[in-house]
Amino acid sequence: MNTVVIYGSTTGTCEAIAQKIGEKLGAEVVNVSDITDDTINNADNLILGTSTWGAGEMQDDWYDGVNTLKGCDLSGKVIALFGCGDSDSYCDTFCGGMGELYNELKDSGAKFVGAVSQDGYTFDASDAVIDDKFIGLPLDDVNEEDQTDSRIDAWIEAIKGELK
(Lines give C-alpha, C1' and ligand atoms only; values in the text may rest on other atoms or scores of the structure.)
Protein backbone atom coordinates (compact mmCIF):
# COMPACT_ATOMS: atom_id res chain seq x y z
CA MET A 1 0.00 0.00 0.00
CA ASN A 2 1.50 3.29 -1.08
CA THR A 3 -0.46 6.13 0.46
CA VAL A 4 0.34 9.82 0.28
CA VAL A 5 -1.42 12.57 2.23
CA ILE A 6 -1.53 15.82 0.26
CA TYR A 7 -2.69 19.02 1.92
CA GLY A 8 -3.16 22.70 1.19
CA SER A 9 -2.82 24.91 4.25
CA THR A 10 -2.53 28.65 4.80
CA THR A 11 -2.63 28.98 8.59
CA GLY A 12 -1.14 25.58 9.47
CA THR A 13 -4.33 23.91 10.72
CA CYS A 14 -4.81 21.67 7.69
CA GLU A 15 -1.09 20.86 7.68
CA ALA A 16 -1.21 19.74 11.33
CA ILE A 17 -4.22 17.54 10.61
CA ALA A 18 -2.50 16.08 7.53
CA GLN A 19 0.50 15.21 9.71
CA LYS A 20 -1.76 13.43 12.23
CA ILE A 21 -3.45 11.44 9.47
CA GLY A 22 -0.12 10.63 7.86
CA GLU A 23 1.33 9.38 11.15
CA LYS A 24 -1.68 7.17 11.82
CA LEU A 25 -1.53 5.67 8.32
CA GLY A 26 2.26 5.49 8.08
CA ALA A 27 1.98 7.64 4.95
CA GLU A 28 4.14 10.30 3.35
CA VAL A 29 2.75 13.82 3.85
CA VAL A 30 3.28 16.39 1.09
CA ASN A 31 2.25 20.03 0.67
CA VAL A 32 0.14 20.34 -2.50
CA SER A 33 2.47 23.08 -3.76
CA ASP A 34 5.28 20.46 -3.79
CA ILE A 35 3.53 17.63 -5.64
CA THR A 36 4.79 16.31 -8.96
CA ASP A 37 3.42 13.83 -11.46
CA ASP A 38 5.64 11.20 -9.77
CA THR A 39 4.03 11.95 -6.37
CA ILE A 40 0.65 11.06 -7.89
CA ASN A 41 1.70 8.27 -10.24
CA ASN A 42 3.60 6.36 -7.52
CA ALA A 43 0.68 6.40 -5.06
CA ASP A 44 -2.13 3.87 -4.88
CA ASN A 45 -4.05 5.94 -2.34
CA LEU A 46 -4.38 9.71 -2.21
CA ILE A 47 -5.62 11.36 0.98
CA LEU A 48 -6.38 14.94 -0.04
CA GLY A 49 -7.05 17.74 2.43
CA THR A 50 -7.94 21.37 2.04
CA SER A 51 -8.99 24.21 4.24
CA THR A 52 -11.95 26.33 3.14
CA TRP A 53 -11.68 30.01 2.23
CA GLY A 54 -13.88 32.82 0.98
CA ALA A 55 -17.30 31.61 -0.09
CA GLY A 56 -16.40 27.93 0.26
CA GLU A 57 -13.32 27.69 -1.95
CA MET A 58 -10.33 25.38 -1.75
CA GLN A 59 -7.08 26.65 -0.28
CA ASP A 60 -5.24 28.64 -3.00
CA ASP A 61 -2.42 26.15 -3.65
CA TRP A 62 -4.99 23.52 -4.66
CA TYR A 63 -5.82 25.27 -7.94
CA ASP A 64 -2.41 24.35 -9.38
CA GLY A 65 -2.53 21.05 -7.49
CA VAL A 66 -5.81 20.07 -9.16
CA ASN A 67 -4.22 20.72 -12.56
CA THR A 68 -1.34 18.40 -11.64
CA LEU A 69 -3.79 15.71 -10.49
CA LYS A 70 -5.90 16.06 -13.64
CA GLY A 71 -2.74 15.67 -15.73
CA CYS A 72 -2.19 12.21 -14.22
CA ASP A 73 -4.13 9.00 -14.73
CA LEU A 74 -6.17 8.64 -11.53
CA SER A 75 -8.24 5.67 -12.69
CA GLY A 76 -7.90 2.79 -10.27
CA LYS A 77 -6.57 4.99 -7.49
CA VAL A 78 -8.37 5.39 -4.17
CA ILE A 79 -9.04 8.94 -2.98
CA ALA A 80 -10.21 9.99 0.46
CA LEU A 81 -10.87 13.64 1.27
CA PHE A 82 -10.70 15.68 4.44
CA GLY A 83 -11.50 19.31 4.92
CA CYS A 84 -11.07 22.01 7.51
CA GLY A 85 -13.73 24.61 8.14
CA ASP A 86 -15.38 26.85 10.69
CA SER A 87 -18.92 25.66 11.35
CA ASP A 88 -19.70 28.66 13.56
CA SER A 89 -18.51 31.73 11.64
CA TYR A 90 -18.92 30.16 8.18
CA CYS A 91 -21.88 27.85 8.81
CA ASP A 92 -23.24 28.37 5.28
CA THR A 93 -20.05 27.21 3.51
CA PHE A 94 -18.73 24.68 6.06
CA CYS A 95 -15.90 22.64 4.51
CA GLY A 96 -16.97 23.80 1.07
CA GLY A 97 -13.38 23.56 -0.16
CA MET A 98 -13.60 19.79 0.22
CA GLY A 99 -16.71 19.81 -1.97
CA GLU A 100 -14.94 21.91 -4.59
CA LEU A 101 -11.98 19.51 -4.59
CA TYR A 102 -14.36 16.56 -5.04
CA ASN A 103 -16.18 18.28 -7.91
CA GLU A 104 -12.86 18.87 -9.69
CA LEU A 105 -11.87 15.19 -9.45
CA LYS A 106 -15.12 13.20 -9.34
CA ASP A 107 -14.90 12.21 -13.03
CA SER A 108 -11.24 11.13 -12.82
CA GLY A 109 -11.92 7.40 -12.62
CA ALA A 110 -10.66 7.23 -9.03
CA LYS A 111 -12.67 5.49 -6.32
CA PHE A 112 -13.74 7.90 -3.58
CA VAL A 113 -14.01 6.53 -0.05
CA GLY A 114 -14.55 7.99 3.39
CA ALA A 115 -17.99 9.61 3.30
CA VAL A 116 -19.07 10.79 6.77
CA SER A 117 -22.53 11.17 8.30
CA GLN A 118 -23.71 14.71 9.13
CA ASP A 119 -24.64 13.48 12.64
CA GLY A 120 -22.87 15.46 15.33
CA TYR A 121 -22.08 18.44 13.11
CA THR A 122 -23.79 21.83 13.41
CA PHE A 123 -23.83 23.94 10.23
CA ASP A 124 -26.35 25.44 7.82
CA ALA A 125 -25.02 24.41 4.41
CA SER A 126 -22.05 22.76 2.74
CA ASP A 127 -21.07 21.97 -0.85
CA ALA A 128 -19.26 18.96 0.66
CA VAL A 129 -22.58 17.23 1.43
CA ILE A 130 -23.72 14.87 -1.31
CA ASP A 131 -26.57 12.38 -0.85
CA ASP A 132 -26.96 13.46 2.80
CA LYS A 133 -23.32 12.68 3.71
CA PHE A 134 -20.08 14.64 3.70
CA ILE A 135 -17.95 13.31 0.83
CA GLY A 136 -15.00 13.15 3.21
CA LEU A 137 -14.00 13.97 6.76
CA PRO A 138 -15.06 17.49 7.84
CA LEU A 139 -13.14 18.98 10.73
CA ASP A 140 -13.72 22.18 12.67
CA ASP A 141 -10.50 22.52 14.64
CA VAL A 142 -11.51 26.07 15.62
CA ASN A 143 -14.78 25.41 17.47
CA GLU A 144 -14.71 21.63 17.96
CA GLU A 145 -11.02 20.84 18.46
CA ASP A 146 -11.95 18.48 21.30
CA GLN A 147 -13.53 16.20 18.66
CA THR A 148 -10.80 16.33 16.03
CA ASP A 149 -8.72 13.36 17.20
CA SER A 150 -11.71 11.04 17.72
CA ARG A 151 -13.15 12.02 14.32
CA ILE A 152 -9.80 11.32 12.63
CA ASP A 153 -9.49 7.95 14.39
CA ALA A 154 -13.03 6.86 13.44
CA TRP A 155 -12.53 7.97 9.82
CA ILE A 156 -9.20 6.20 9.45
CA GLU A 157 -10.73 3.03 10.87
CA ALA A 158 -13.58 3.35 8.34
CA ILE A 159 -11.31 3.86 5.29
CA LYS A 160 -8.49 1.42 6.14
CA GLY A 161 -10.25 -1.51 4.52
CA GLU A 162 -10.83 0.50 1.34
CA LEU A 163 -7.19 1.49 0.82
CA LYS A 164 -5.07 -0.53 -1.58
# chains A, B, ... in the order shown; residues from 1 in each chain; ligands from 1
>>> residues_around(residues="segment 104-109 of chain A", least_positions_apart="3", cutoff="6 Å", atoms="only C-alpha atoms", output="PyMOL selection string")
chain A and resi 74-75+101
>>> select_by_dssp(residues="segment 7-37 of chain A", states="strand (DSSP E or B)", output="PyMOL selection string")
chain A and resi 7-8+28-31
>>> residues_around(residues="segment 122-129 of chain A", least_positions_apart="3", cutoff="7 Å", atoms="only C-alpha atoms", output="PyMOL selection string")
chain A and resi 87+91-96+98-99+132-135
>>> closest_residue(among="A:Leu81, A:Val32, A:Gln19, A:Asp86", to="Thr68 of chain A", atoms="only C-alpha atoms")
A:Val32
>>> select_by_dssp(residues="segment 18-163 of chain A", states="helix (DSSP H, G or I)", output="MDAnalysis selection string")
chainID A and resid 18:25 32:34 37:41 62:70 96:105 145:160
>>> residues_around(residues="Gly136 of chain A", least_positions_apart="3", cutoff="6 Å", atoms="only C-alpha atoms", output="PyMOL selection string")
chain A and resi 81-82+114-116
>>> write_last_selection(atoms="N, CA, C and O atoms", output="JSON list (two decimals), in the first residue's frame")
[["chain", "number", "residue", "atom", "x", "y", "z"],
["A", 81, "LEU", "N", -10.99, 12.20, 1.07],
["A", 81, "LEU", "CA", -10.87, 13.64, 1.27],
["A", 81, "LEU", "C", -11.09, 14.02, 2.72],
["A", 81, "LEU", "O", -11.88, 13.39, 3.42],
["A", 82, "PHE", "N", -10.39, 15.06, 3.15],
["A", 82, "PHE", "CA", -10.70, 15.68, 4.44],
["A", 82, "PHE", "C", -10.64, 17.18, 4.26],
["A", 82, "PHE", "O", -9.96, 17.69, 3.37],
["A", 114, "GLY", "N", -14.65, 7.16, 2.20],
["A", 114, "GLY", "CA", -14.55, 7.99, 3.39],
["A", 114, "GLY", "C", -15.68, 8.97, 3.62],
["A", 114, "GLY", "O", -15.50, 9.95, 4.34],
["A", 115, "ALA", "N", -16.86, 8.73, 3.04],
["A", 115, "ALA", "CA", -17.99, 9.61, 3.30],
["A", 115, "ALA", "C", -18.35, 9.55, 4.79],
["A", 115, "ALA", "O", -18.18, 8.51, 5.43],
["A", 116, "VAL", "N", -18.81, 10.67, 5.33],
["A", 116, "VAL", "CA", -19.07, 10.79, 6.77],
["A", 116, "VAL", "C", -20.49, 11.32, 6.98],
["A", 116, "VAL", "O", -20.92, 12.26, 6.31]]
>>> closest_residue(among="A:Ile130, A:Val142, A:Val4, A:Ala154", to="Ala43 of chain A", atoms="only C-alpha atoms")
A:Val4
>>> residues_around(residues="segment 45-60 of chain A", least_positions_apart="6", cutoff="7 Å", atoms="only C-alpha atoms", output="list in words")
Asn2, Thr3, Val4, Val5, Ile6, Tyr7, Gly8, Ser9, Cys14, Lys77, Val78, Ile79, Ala80, Leu81, Phe82, Gly83, Cys84, Gly85, Thr93, Cys95, Gly96, Gly97, Met98, Glu100, Leu101, Leu163 and Lys164 of chain A
>>> atom_distance(atom1="atom CA of Val113 of chain A", atom2="atom CA of Gly12 of chain A")
24.9 Å
>>> residues_around(residues="Ile152 of chain A", least_positions_apart="5", cutoff="12 Å", atoms="only C-alpha atoms", output="PyMOL selection string")
chain A and resi 17-25+81-84+114+116+136-141+145-147+157-160
>>> atom_distance(atom1="atom CA of Asp149 of chain A", atom2="atom CA of Phe112 of chain A")
22.1 Å
>>> atom_distance(atom1="atom CA of Asp73 of chain A", atom2="atom CA of Ile40 of chain A")
8.6 Å
